[in-house]
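Novice: Have a peek at run29.txt (compact mmCIF, C-alpha atoms and all ligand atoms).
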# COMPACT_ATOMS: atom_id res chain seq x y z
CA MET Z 1 -43.72 -20.06 15.51
CA TYR Z 2 -42.74 -16.44 16.11
CA GLY Z 3 -39.19 -15.28 16.27
CA SER Z 4 -37.34 -12.05 15.69
CA GLU Z 5 -36.83 -13.16 12.12
CA TYR Z 6 -40.61 -13.43 11.43
CA LYS Z 7 -41.56 -9.82 10.89
CA VAL Z 8 -43.46 -10.25 7.66
CA PHE Z 9 -47.24 -10.30 7.74
CA TRP Z 10 -48.97 -12.24 5.02
CA ALA Z 11 -51.47 -10.19 3.02
CA ASP Z 12 -53.99 -13.05 3.48
CA SER Z 13 -53.88 -12.93 7.24
CA ILE Z 14 -54.31 -9.12 7.30
CA LYS Z 15 -57.29 -9.50 5.00
CA ARG Z 16 -58.69 -12.28 7.13
CA SER Z 17 -58.32 -10.19 10.29
CA LYS Z 18 -60.00 -7.23 8.60
CA ASN Z 19 -62.99 -9.36 7.50
CA GLU Z 20 -63.23 -10.82 10.98
CA PHE Z 21 -63.18 -7.32 12.52
CA ASP Z 22 -65.74 -5.93 10.02
CA ASN Z 23 -68.21 -8.70 10.86
CA LEU Z 24 -68.15 -8.00 14.59
CA SER Z 25 -70.60 -5.87 16.58
CA LYS Z 26 -69.31 -2.76 18.41
CA ILE Z 27 -69.08 -4.56 21.77
CA GLU Z 28 -67.38 -7.60 20.19
CA ARG Z 29 -64.86 -5.34 18.46
CA PHE Z 30 -63.77 -3.92 21.82
CA GLU Z 31 -63.15 -7.47 23.10
CA TRP Z 32 -61.42 -8.42 19.80
CA LEU Z 33 -59.01 -5.48 20.04
CA LYS Z 34 -58.20 -6.33 23.67
CA ASN Z 35 -57.42 -9.95 22.75
CA SER Z 36 -55.33 -8.91 19.75
CA LYS Z 37 -53.26 -6.57 21.91
CA GLN Z 38 -52.72 -9.37 24.38
CA LYS Z 39 -51.57 -11.68 21.55
CA ALA Z 40 -49.19 -9.01 20.21
CA LYS Z 41 -47.75 -8.57 23.69
CA GLU Z 42 -47.20 -12.35 23.94
CA ILE Z 43 -45.46 -12.36 20.54
CA GLU Z 44 -43.18 -9.52 21.69
CA ILE Z 45 -42.25 -11.37 24.90
CA ASP Z 46 -41.69 -14.55 22.89
CA THR Z 47 -39.41 -12.66 20.46
CA ILE Z 48 -37.28 -11.23 23.24
CA TYR Z 49 -37.06 -14.67 24.84
CA ARG Z 50 -35.95 -16.26 21.54
CA GLU Z 51 -33.37 -13.54 20.92
CA GLU Z 52 -31.88 -14.13 24.33
CA LEU Z 53 -31.92 -17.87 23.68
CA ASP Z 54 -30.20 -17.41 20.30
CA GLN Z 55 -27.50 -15.27 21.92
CA LYS Z 56 -26.95 -17.88 24.63
CA LEU Z 57 -26.68 -20.65 22.03
CA TYR Z 58 -24.24 -18.53 20.02
CA ASP Z 59 -22.13 -17.85 23.12
CA LEU Z 60 -22.16 -21.53 23.94
CA THR Z 61 -21.07 -22.49 20.40
CA ILE Z 62 -18.22 -19.99 20.51
CA TYR Z 63 -17.23 -21.26 23.93
CA HIS Z 64 -17.09 -24.84 22.61
CA LYS Z 65 -15.04 -23.74 19.61
CA LYS Z 66 -12.66 -21.83 21.88
CA CYS Z 67 -12.21 -24.86 24.10
CA GLN Z 68 -11.44 -27.09 21.14
CA ILE Z 69 -8.94 -24.62 19.60
CA PHE Z 70 -7.35 -24.05 22.99
CA LEU Z 71 -6.87 -27.82 23.25
CA TYR Z 72 -5.29 -27.98 19.75
CA TYR Z 73 -3.11 -24.98 20.59
CA GLU Z 74 -1.81 -26.59 23.75
CA LEU Z 75 -1.11 -29.85 21.91
CA LEU Z 76 0.89 -28.04 19.24
CA ALA Z 77 2.73 -25.74 21.65
CA SER Z 78 3.81 -28.75 23.73
CA GLU Z 79 5.29 -30.72 20.82
CA THR Z 80 8.99 -31.42 21.36
CA ASN Z 81 11.86 -32.81 19.36
CA SER Z 82 13.75 -36.00 20.28
CA ASN Z 83 15.83 -34.01 22.83
CA GLY Z 84 12.72 -32.82 24.58
CA LYS Z 85 13.09 -29.25 23.33
CA LEU Z 86 9.90 -27.39 22.43
CA LEU Z 87 9.46 -27.19 18.66
CA TYR Z 88 7.34 -24.04 18.42
CA ASN Z 89 7.46 -20.63 19.99
CA ARG Z 90 4.20 -19.58 21.65
CA TYR Z 91 4.75 -15.92 20.81
CA LEU Z 92 4.92 -16.78 17.09
CA LEU Z 93 2.04 -19.24 17.33
CA ASP Z 94 -0.11 -16.46 18.81
CA MET Z 95 0.57 -14.34 15.73
CA CYS Z 96 -0.90 -16.90 13.28
CA PRO Z 97 -4.15 -15.46 11.90
CA PHE Z 98 -5.62 -18.95 11.46
CA LEU Z 99 -5.73 -19.35 15.23
CA ASN Z 100 -8.68 -16.92 15.39
CA GLU Z 101 -10.02 -17.27 11.87
CA VAL Z 102 -11.09 -20.86 12.44
CA MET Z 103 -13.51 -19.72 15.15
CA LEU Z 104 -15.57 -17.91 12.54
CA LEU Z 105 -16.22 -21.01 10.48
CA PRO Z 106 -19.83 -22.21 10.30
CA ASN Z 107 -20.43 -25.11 12.66
CA HIS Z 108 -20.65 -27.80 9.96
CA LEU Z 109 -17.23 -26.72 8.56
CA PHE Z 110 -15.72 -26.32 12.00
CA ALA Z 111 -16.72 -29.91 12.78
CA GLN Z 112 -14.51 -31.07 9.90
CA ILE Z 113 -11.38 -29.38 11.32
CA ASP Z 114 -9.53 -32.09 13.14
CA TYR Z 115 -6.18 -31.56 14.84
CA ASP Z 116 -4.07 -32.72 11.88
CA ARG Z 117 -5.77 -30.36 9.39
CA TRP Z 118 -5.65 -27.48 11.83
CA LYS Z 119 -1.95 -28.11 12.51
CA ILE Z 120 -1.03 -28.15 8.79
CA LYS Z 121 -2.63 -24.76 8.21
CA MET Z 122 -1.22 -23.31 11.43
CA LEU Z 123 2.31 -24.44 10.56
CA GLU Z 124 2.08 -22.94 7.06
CA GLU Z 125 1.49 -19.56 8.68
CA TYR Z 126 3.94 -20.23 11.49
CA ARG Z 127 6.79 -20.88 9.00
CA ILE Z 128 6.14 -17.61 7.18
CA ILE Z 129 6.03 -15.62 10.43
CA GLU Z 130 9.09 -17.44 11.73
CA MET Z 131 11.03 -16.54 8.58
CA GLU Z 132 9.96 -12.91 8.63
CA ARG Z 133 10.40 -12.33 12.34
CA ARG Z 134 13.29 -14.53 13.32
CA ILE Z 135 15.19 -16.36 10.62
CA ILE Z 136 15.56 -13.66 7.97
CA PRO Z 137 16.79 -10.95 10.40
CA LYS Z 138 19.22 -13.51 11.85
CA ARG Z 139 20.46 -14.27 8.34
CA TYR Z 140 21.02 -10.59 7.64
CA ASN Z 141 22.96 -10.27 10.86
CA GLN Z 142 25.22 -13.11 9.69
CA ILE Z 143 25.99 -11.20 6.47
CA LYS Z 144 26.38 -7.83 8.22
CA GLU Z 145 28.83 -9.23 10.77
CA ARG Z 146 31.07 -10.40 7.94
CA LEU Z 147 30.76 -7.18 5.99
CA VAL Z 148 31.94 -5.15 9.00
CA TYR Z 149 35.31 -6.92 8.70
CA SER Z 150 35.43 -6.67 4.92
CA PRO Z 151 37.53 -4.11 3.02
CA LEU Z 152 34.24 -2.58 1.80
CA TYR Z 153 33.26 -1.36 5.21
CA LYS Z 154 34.68 2.14 5.05
CA ARG Z 155 34.20 2.62 1.33
CA PRO Z 156 31.25 4.08 -0.58
CA ALA Z 157 30.32 0.58 -1.74
CA ILE Z 158 28.89 -0.24 1.71
CA TYR Z 159 26.09 2.24 0.99
CA TRP Z 160 24.93 0.15 -1.97
CA ILE Z 161 24.78 -3.20 -0.17
CA PRO Z 162 21.03 -3.03 0.57
CA TYR Z 163 20.44 -2.61 -3.19
CA CYS Z 164 22.53 -5.62 -4.25
CA PRO Z 165 20.44 -8.47 -5.69
CA SER Z 166 22.28 -11.15 -3.69
CA TYR Z 167 21.69 -9.21 -0.48
CA LYS Z 168 18.03 -8.46 -1.21
CA SER Z 169 17.28 -12.03 -2.16
CA PRO Z 170 20.12 -14.31 -1.02
CA PRO Z 171 20.20 -17.88 -2.34
CA TYR Z 172 19.01 -20.49 0.15
CA HIS Z 173 19.68 -24.21 0.30
CA ASN Z 174 16.72 -25.94 -1.33
CA ASN Z 175 14.99 -22.58 -1.34
CA ASP Z 176 14.42 -22.91 2.39
CA ALA Z 177 15.63 -20.00 4.53
CA ARG Z 178 15.51 -22.18 7.64
CA ILE Z 179 18.46 -24.33 6.53
CA PRO Z 180 21.49 -22.46 7.91
CA TRP Z 181 24.32 -21.23 5.71
CA ASP Z 182 27.64 -22.80 6.57
CA GLU Z 183 30.66 -20.60 7.23
CA LYS Z 184 32.42 -21.68 4.06
CA PHE Z 185 29.46 -20.75 1.85
CA LEU Z 186 29.21 -17.35 3.53
CA ASP Z 187 32.93 -16.56 3.29
CA LYS Z 188 33.66 -18.02 -0.12
CA VAL Z 189 30.44 -17.45 -2.05
CA LEU Z 190 27.78 -15.17 -0.64
CA VAL Z 191 29.74 -12.29 0.89
CA PRO Z 192 32.19 -12.01 -2.06
CA THR Z 193 29.20 -11.99 -4.47
CA ILE Z 194 27.54 -9.18 -2.53
CA MET Z 195 30.83 -7.27 -2.48
CA ARG Z 196 31.25 -7.61 -6.24
CA GLU Z 197 27.68 -6.39 -6.77
CA ALA Z 198 28.23 -3.43 -4.43
CA ILE Z 199 31.34 -2.38 -6.33
CA LEU Z 200 29.39 -2.69 -9.58
CA CYS Z 201 26.68 -0.47 -8.05
CA VAL Z 202 29.27 2.22 -7.31
CA LYS Z 203 30.50 2.18 -10.89
CA GLN Z 204 27.00 2.16 -12.34
CA ALA Z 205 25.90 4.99 -10.05
CA GLU Z 206 28.86 7.16 -10.97
CA ASP Z 207 28.34 6.51 -14.67
CA ALA Z 208 24.58 7.17 -14.44
CA ILE Z 209 25.06 10.43 -12.50
CA PHE Z 210 27.58 11.66 -15.09
CA VAL Z 211 25.29 10.80 -18.03
CA LEU Z 212 22.19 12.28 -16.41
CA LYS Z 213 24.04 15.53 -15.68
CA LEU Z 214 25.11 15.64 -19.32
CA ILE Z 215 21.52 15.14 -20.47
CA GLU Z 216 20.35 17.93 -18.14
CA ASP Z 217 22.98 20.29 -19.59
CA ILE Z 218 22.07 19.43 -23.18
CA LEU Z 219 18.36 19.91 -22.51
CA CYS Z 220 18.97 23.21 -20.73
CA MET Z 221 20.89 24.40 -23.75
CA ARG Z 222 18.09 23.34 -26.08
CA ILE Z 223 15.15 24.61 -24.03
CA LYS Z 224 15.52 28.38 -23.98
CA SER Z 225 12.03 29.61 -24.81
CA VAL Z 226 8.35 28.82 -24.26
CA ARG Z 227 8.20 27.32 -27.77
CA ASP Z 228 11.19 25.05 -27.01
CA ALA Z 229 9.51 23.85 -23.83
CA LEU Z 230 6.37 22.98 -25.78
CA ILE Z 231 8.39 21.20 -28.48
CA TYR Z 232 9.95 19.11 -25.71
CA GLU Z 233 6.47 18.35 -24.34
CA LEU Z 234 7.02 20.20 -21.06
CA GLY Z 235 3.65 21.98 -21.26
CA ASP Z 236 2.35 20.18 -18.16
CA GLY Z 237 5.29 21.32 -16.01
CA LYS Z 238 4.87 24.33 -13.72
CA ILE Z 239 7.70 26.19 -15.40
CA PHE Z 240 5.87 29.17 -16.97
CA LYS Z 241 5.27 32.60 -15.52
CA CYS Z 242 3.26 35.66 -16.51
CA SER Z 243 5.64 38.40 -17.61
CA LEU Z 244 3.04 41.12 -16.94
CA CYS Z 245 2.76 40.18 -13.26
CA ASN Z 246 6.46 39.59 -13.02
CA ASN Z 247 7.35 43.03 -14.45
CA LEU Z 248 4.87 44.70 -12.12
CA ARG Z 249 6.40 42.91 -9.16
CA LEU Z 250 9.91 43.93 -10.18
CA SER Z 251 9.03 47.56 -10.95
CA ASN Z 252 7.29 47.94 -7.57
CA ASN Z 253 10.05 46.09 -5.80
CA LEU Z 254 7.52 43.76 -4.27
CA ASN Z 255 8.91 40.86 -2.36
CA TYR Z 256 5.69 38.97 -2.26
CA TYR Z 257 3.78 37.37 -5.02
CA ILE Z 258 0.93 39.25 -6.67
CA ASP Z 259 -1.40 36.53 -7.76
CA ASN Z 260 -3.02 35.12 -4.63
CA ASN Z 261 -4.07 32.03 -6.51
CA SER Z 262 -0.49 30.97 -6.92
CA LEU Z 263 2.17 30.92 -4.27
CA THR Z 264 4.95 30.42 -6.76
CA LEU Z 265 3.75 32.49 -9.71
CA LEU Z 266 4.54 29.48 -11.82
CA TYR Z 267 1.98 27.74 -13.97
CA ASN Z 268 1.71 25.01 -16.49
CA TYR Z 269 1.08 26.22 -20.03
CA THR Z 270 -2.73 25.85 -19.93
CA ASP Z 271 -3.00 27.67 -16.61
CA VAL Z 272 -0.75 30.57 -17.58
CA LYS Z 273 -2.93 31.18 -20.63
CA ARG Z 274 -6.05 31.04 -18.44
CA HIS Z 275 -4.38 33.50 -16.05
CA LEU Z 276 -3.67 35.95 -18.90
CA TYR Z 277 -7.26 35.73 -20.07
CA LEU Z 278 -8.73 36.27 -16.60
CA LYS Z 279 -6.30 38.80 -15.09
CA HIS Z 280 -5.06 40.77 -18.07
CA TYR Z 281 -8.00 40.69 -20.43
CA ASN Z 282 -7.11 44.09 -21.97
CA TRP Z 283 -3.74 42.79 -23.03
CA TYR Z 284 -5.00 39.37 -23.98
CA SER Z 285 -5.09 38.37 -27.61
CA GLU Z 286 -5.82 34.79 -28.48
CA GLY Z 287 -2.98 33.07 -30.32
CA CYS Z 288 -0.45 35.73 -29.23
CA GLU Z 289 -0.32 34.83 -25.54
CA ASP Z 290 3.27 33.62 -25.73
CA ILE Z 291 4.64 37.18 -25.80
CA TYR Z 292 3.44 37.56 -22.19
CA ILE Z 293 4.65 34.16 -21.06
CA GLU Z 294 8.16 33.55 -19.75
CA LEU Z 295 9.98 30.33 -19.13
CA ASP Z 296 11.55 30.01 -15.70
CA ILE Z 297 14.94 28.53 -16.61
CA LYS Z 298 15.91 27.80 -13.00
CA THR Z 299 12.75 25.76 -12.50
CA VAL Z 300 13.35 23.92 -15.77
CA ARG Z 301 16.77 22.92 -14.46
CA ASN Z 302 15.24 21.72 -11.16
CA PHE Z 303 12.52 19.90 -13.05
CA LEU Z 304 15.13 18.07 -15.13
CA LYS Z 305 17.08 17.21 -11.97
CA THR Z 306 13.94 15.60 -10.54
CA CYS Z 307 13.50 13.66 -13.81
CA SER Z 308 17.12 12.43 -13.56
CA ASN Z 309 16.61 11.38 -9.97
CA HIS Z 310 13.50 9.46 -10.89
CA TRP Z 311 15.29 7.63 -13.69
CA PHE Z 312 18.25 6.88 -11.42
CA TRP Z 313 16.11 5.13 -8.80
CA HIS Z 314 13.25 3.72 -10.83
CA GLY Z 315 14.43 3.49 -14.43
CA ILE Z 316 11.64 5.71 -15.73
CA TYR Z 317 11.98 9.18 -17.22
CA PRO Z 318 8.71 10.97 -16.43
CA TYR Z 319 8.38 12.42 -19.91
CA LYS Z 320 9.53 11.29 -23.32
CA LEU Z 321 13.15 12.15 -23.93
CA PRO Z 322 14.24 13.12 -27.44
CA ASP Z 323 15.37 9.98 -29.27
CA ASP Z 324 19.08 10.83 -29.35
CA LEU Z 325 19.16 11.30 -25.56
CA ALA Z 326 16.88 8.33 -24.86
CA THR Z 327 19.41 6.11 -26.66
CA VAL Z 328 22.14 7.27 -24.28
CA LEU Z 329 20.10 6.02 -21.30
CA ALA Z 330 18.71 2.91 -22.98
CA ASN Z 331 21.85 0.81 -22.45
CA ARG Z 332 22.32 1.78 -18.83
CA ARG Z 333 20.18 -0.49 -16.74
CA LEU Z 334 20.92 -0.13 -13.02
CA ILE Z 335 20.96 -3.31 -10.97
CA TRP Z 336 18.77 -2.00 -8.16
CA TRP Z 337 15.77 -1.55 -10.43
CA ASN Z 338 13.05 -4.14 -10.14
ZN ZN T 401 -0.18 38.04 -14.73
What is this structure when it is put down as structure tokens?
Ligand SMILES: [Zn+2]
Specialist:
Amino acid sequence: MYGSEYKVFWADSIKRSKNEFDNLSKIERFEWLKNSKQKAKEIEIDTIYREELDQKLYDLTIYHKKCQIFLYYELLASETNSNGKLLYNRYLLDMCPFLNEVMLLPNHLFAQIDYDRWKIKMLEEYRIIEMERRIIPKRYNQIKERLVYSPLYKRPAIYWIPYCPSYKSPPYHNNDARIPWDEKFLDKVLVPTIMREAILCVKQAEDAIFVLKLIEDILCMRIKSVRDALIYELGDGKIFKCSLCNNLRLSNNLNYYIDNNSLTLLYNYTDVKRHLYLKHYNWYSEGCEDIYIELDIKTVRNFLKTCSNHWFWHGIYPYKLPDDLATVLANRRLIWWN
């Protein structure tokens, strides 16, 4: 049997053919080669034929699978409730990945997929898609409609509603988003809870902004020199500049930056030292570099603002705060953090 998959020649048969060929006379060899070529040609034709046959069988199998799934799909899409109303939306059914995935199953597994098993898996996906695409947005509209008429609407608290825990993850009956909220539950429980949380967010935000500004001011007062910045572990920040380049720029009234390698003229501590060594070697003296390094106070302030912002939204300060200041933040957990 020869097929496209049989492309390996056994060492034995090559050896056998070689012996056979060696034992032939010159005239016989000519005939032998002719016959061998003919055989090879036949094998090639046979291979192409089998490949085509394989492809046809594959197409046929896929066609059968498609027919069966199409039948299941139509059965499911036509299911109705006791009032004769269709239970499932075709648009959402079409979005279920399992609809196509099942086609890729090997035949022996595909044979085990009967309608009931297929339906269970399809409906699992359908419910998730239905919640994401239809029910959850509808639920949020219910809440939003009520909030528009609430006293919060024109106050800053409305801004914080998307961050409120009860809005982000509202409680559902039996943990099932498909069971509708009744009006009483919305008006008496859910919306007032969200409103309370939003007002709490406003207070927490104001408090946090005040404290973070205070911390920035304290740090700016403490960090006045290159040494201070290193003590506060800010060596990785791009807050240092080369005073030699900076003086040259100022004395020549240059409005552009001198060092082409840096658009800002600001470096982290390691890079500013490297810059001094490479660009100002005559002035460079190892261990005394700091006299040519300046701290850019304005950038330090901006850097601290970014740190505050990060803490405000994510609860993380990107570098270790001194213990006394870390304690100030430690008790202020904001409710929109995960
Ligand atoms: Zn320089």
Novice: To check your reading of the model: which residues sit at most 9 Å from ligand ZN 401 (chain T) when counting all atoms listed in the file? Write the answer as a PyMOL selection string.
Specialist: chain Z and resi 241-246+248+258-259+265+272+275-276+278-280+292-293
Novice: Quote the spacing between CA of Glu20 in chain Z and CA of Ile48 in chain Z in Å to one decimal place.
Specialist: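 Separating CA of Glu20 in chain Z from CA of Ile48 in chain Z is a distance of 28.7 Å.
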Novice: With a cut-off of 12 Å, could you pull out the residues of range 100-201 of chain Z touching range 58-70 of chain Z and give me the nearest pair of atoms for each, distance in Å to one decimal, using all atoms listed in the file, ordered by chain and ascending number, as a tab-separated table?
Specialist:
residue	atom	partner	partner_atom	distance
Z:Asn100	CA	Z:Ile69	CA	8.8
Z:Glu101	CA	Z:Ile69	CA	10.7
Z:Val102	CA	Z:Ile69	CA	8.4
Z:Met103	CA	Z:Lys65	CA	6.2
Z:Leu104	CA	Z:Ile62	CA	8.7
Z:Leu105	CA	Z:Lys65	CA	9.6
Z:Pro106	CA	Z:Thr61	CA	10.2
Z:Asn107	CA	Z:Thr61	CA	8.2
Z:His108	CA	Z:Thr61	CA	11.7
Z:Leu109	CA	Z:Lys65	CA	11.7
Z:Phe110	CA	Z:Lys65	CA	8.1
Z:Ala111	CA	Z:Lys65	CA	9.4
Z:Ile113	CA	Z:Ile69	CA	9.9
Z:Asp114	CA	Z:Gln68	CA	9.6
Z:Tyr115	CA	Z:Ile69	CA	8.9
Z:Trp118	CA	Z:Ile69	CA	8.9
Z:Lys119	CA	Z:Ile69	CA	10.6
Z:Met122	CA	Z:Ile69	CA	11.3
Novice: Axis-aligned box over every listed atom of range 153-167 of chain Z, padded by 3 Å per side: centre and edges in Å to one decimal, as AutoDock Vina command-line options?
Specialist:
--center_x 27.6 --center_y -3.5 --center_z -0.2 --size_x 20.2 --size_y 21.2 --size_z 16.9
Novice: Could you state the separation of CA of Leu24 in chain Z and CA of Asp12 in chain Z in Å, given to one decimal place?
Specialist: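 These atoms are spaced 18.7 Å apart.
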Novice: Please tell me which residues are no farther than 10 Å from (25.8, -19.8, 3.8) in the file, counting only C-alpha atoms, and write them as a list in words.
Specialist: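 Residues satisfying the cut-off, written out: Arg139, Gln142, Ile143, Pro170, Pro171, Tyr172, His173, Ile179, Pro180, Trp181, Asp182, Glu183, Lys184, Phe185, Leu186, Asp187, Lys188, Val189, Leu190 and Val191 of chain Z.
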Novice: Identify, on the basis of only C-alpha atoms, every residue whose closest approach to Arg333 in chain Z does not exceed 10 Å; exclude the query and any residue fewer than 6 positions from it along the same chain; express the result as a PyMOL selection string.
Specialist: chain Z and resi 204+208+311-312+315
Novice: I need the chosen residues saved as a CSV table (one decimal), in the frame of the given file, with C-alpha atoms.
Specialist:
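And here is the file that came out, again37.csv:
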chain,number,residue,atom,x,y,z
Z,204,GLN,CA,27.0,2.2,-12.3
Z,208,ALA,CA,24.6,7.2,-14.4
Z,311,TRP,CA,15.3,7.6,-13.7
Z,312,PHE,CA,18.2,6.9,-11.4
Z,315,GLY,CA,14.4,3.5,-14.4
Novice: Choose the residue, out of Z:Leu53, Z:Ala229, Z:Leu33, Z:Ile14, that has the smallest atom-to-atom separation from Asp290 in chain Z; count only C-alpha atoms.
Specialist: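 Under the stated criterion, the closest residue is Z:Ala229.
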Novice: Using all atoms listed in the file, determine which residues lie at most 9 Å from range 321-331 of chain Z, disregarding the query and same-chain residues fewer than 5 positions distant; provide the list as a ChimeraX atom specification.
Specialist: /Z:208,211-212,215,218,232
Novice: Calculate how many Å separate CA of Trp32 in chain Z from CA of Arg50 in chain Z, rounding to one decimal.
Specialist: 26.7 Å
Novice: When you look at Leu266 in chain Z with a cut-off of 6 Å (counting all atoms listed in the file), what residues show up, excluding the ones that are within fewer than 5 positions of it in the same chain? I need them as a PyMOL selection string.
Specialist: chain Z and resi 238-241
Novice: For the selection you just gave me, I'd like the residues written to a file as a PDB file, in the coordinates of the input, keeping C-alpha atoms.
Specialist:
ATOM      1  CA  LYS Z 238       4.870  24.330 -13.720  1.00  0.00           C
ATOM      2  CA  ILE Z 239       7.700  26.190 -15.400  1.00  0.00           C
ATOM      3  CA  PHE Z 240       5.870  29.170 -16.970  1.00  0.00           C
ATOM      4  CA  LYS Z 241       5.270  32.600 -15.520  1.00  0.00           C
TER       5      LYS Z 241
END
Novice: Taking (5.3, -15.2, 10.3) as a centre in this file's frame and 12 Å as the limit, can you find every polymer residue with an atom that close, using all atoms listed in the file, and give them as a list in words?
Specialist: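 Answer for this query, in the requested form: Asn89, Tyr91, Leu92, Leu93, Asp94, Met95, Cys96, Pro97, Phe98, Met122, Leu123, Glu124, Glu125, Tyr126, Arg127, Ile128, Ile129, Glu130, Met131, Glu132, Arg133, Arg134, Ile135 and Ile136 of chain Z.
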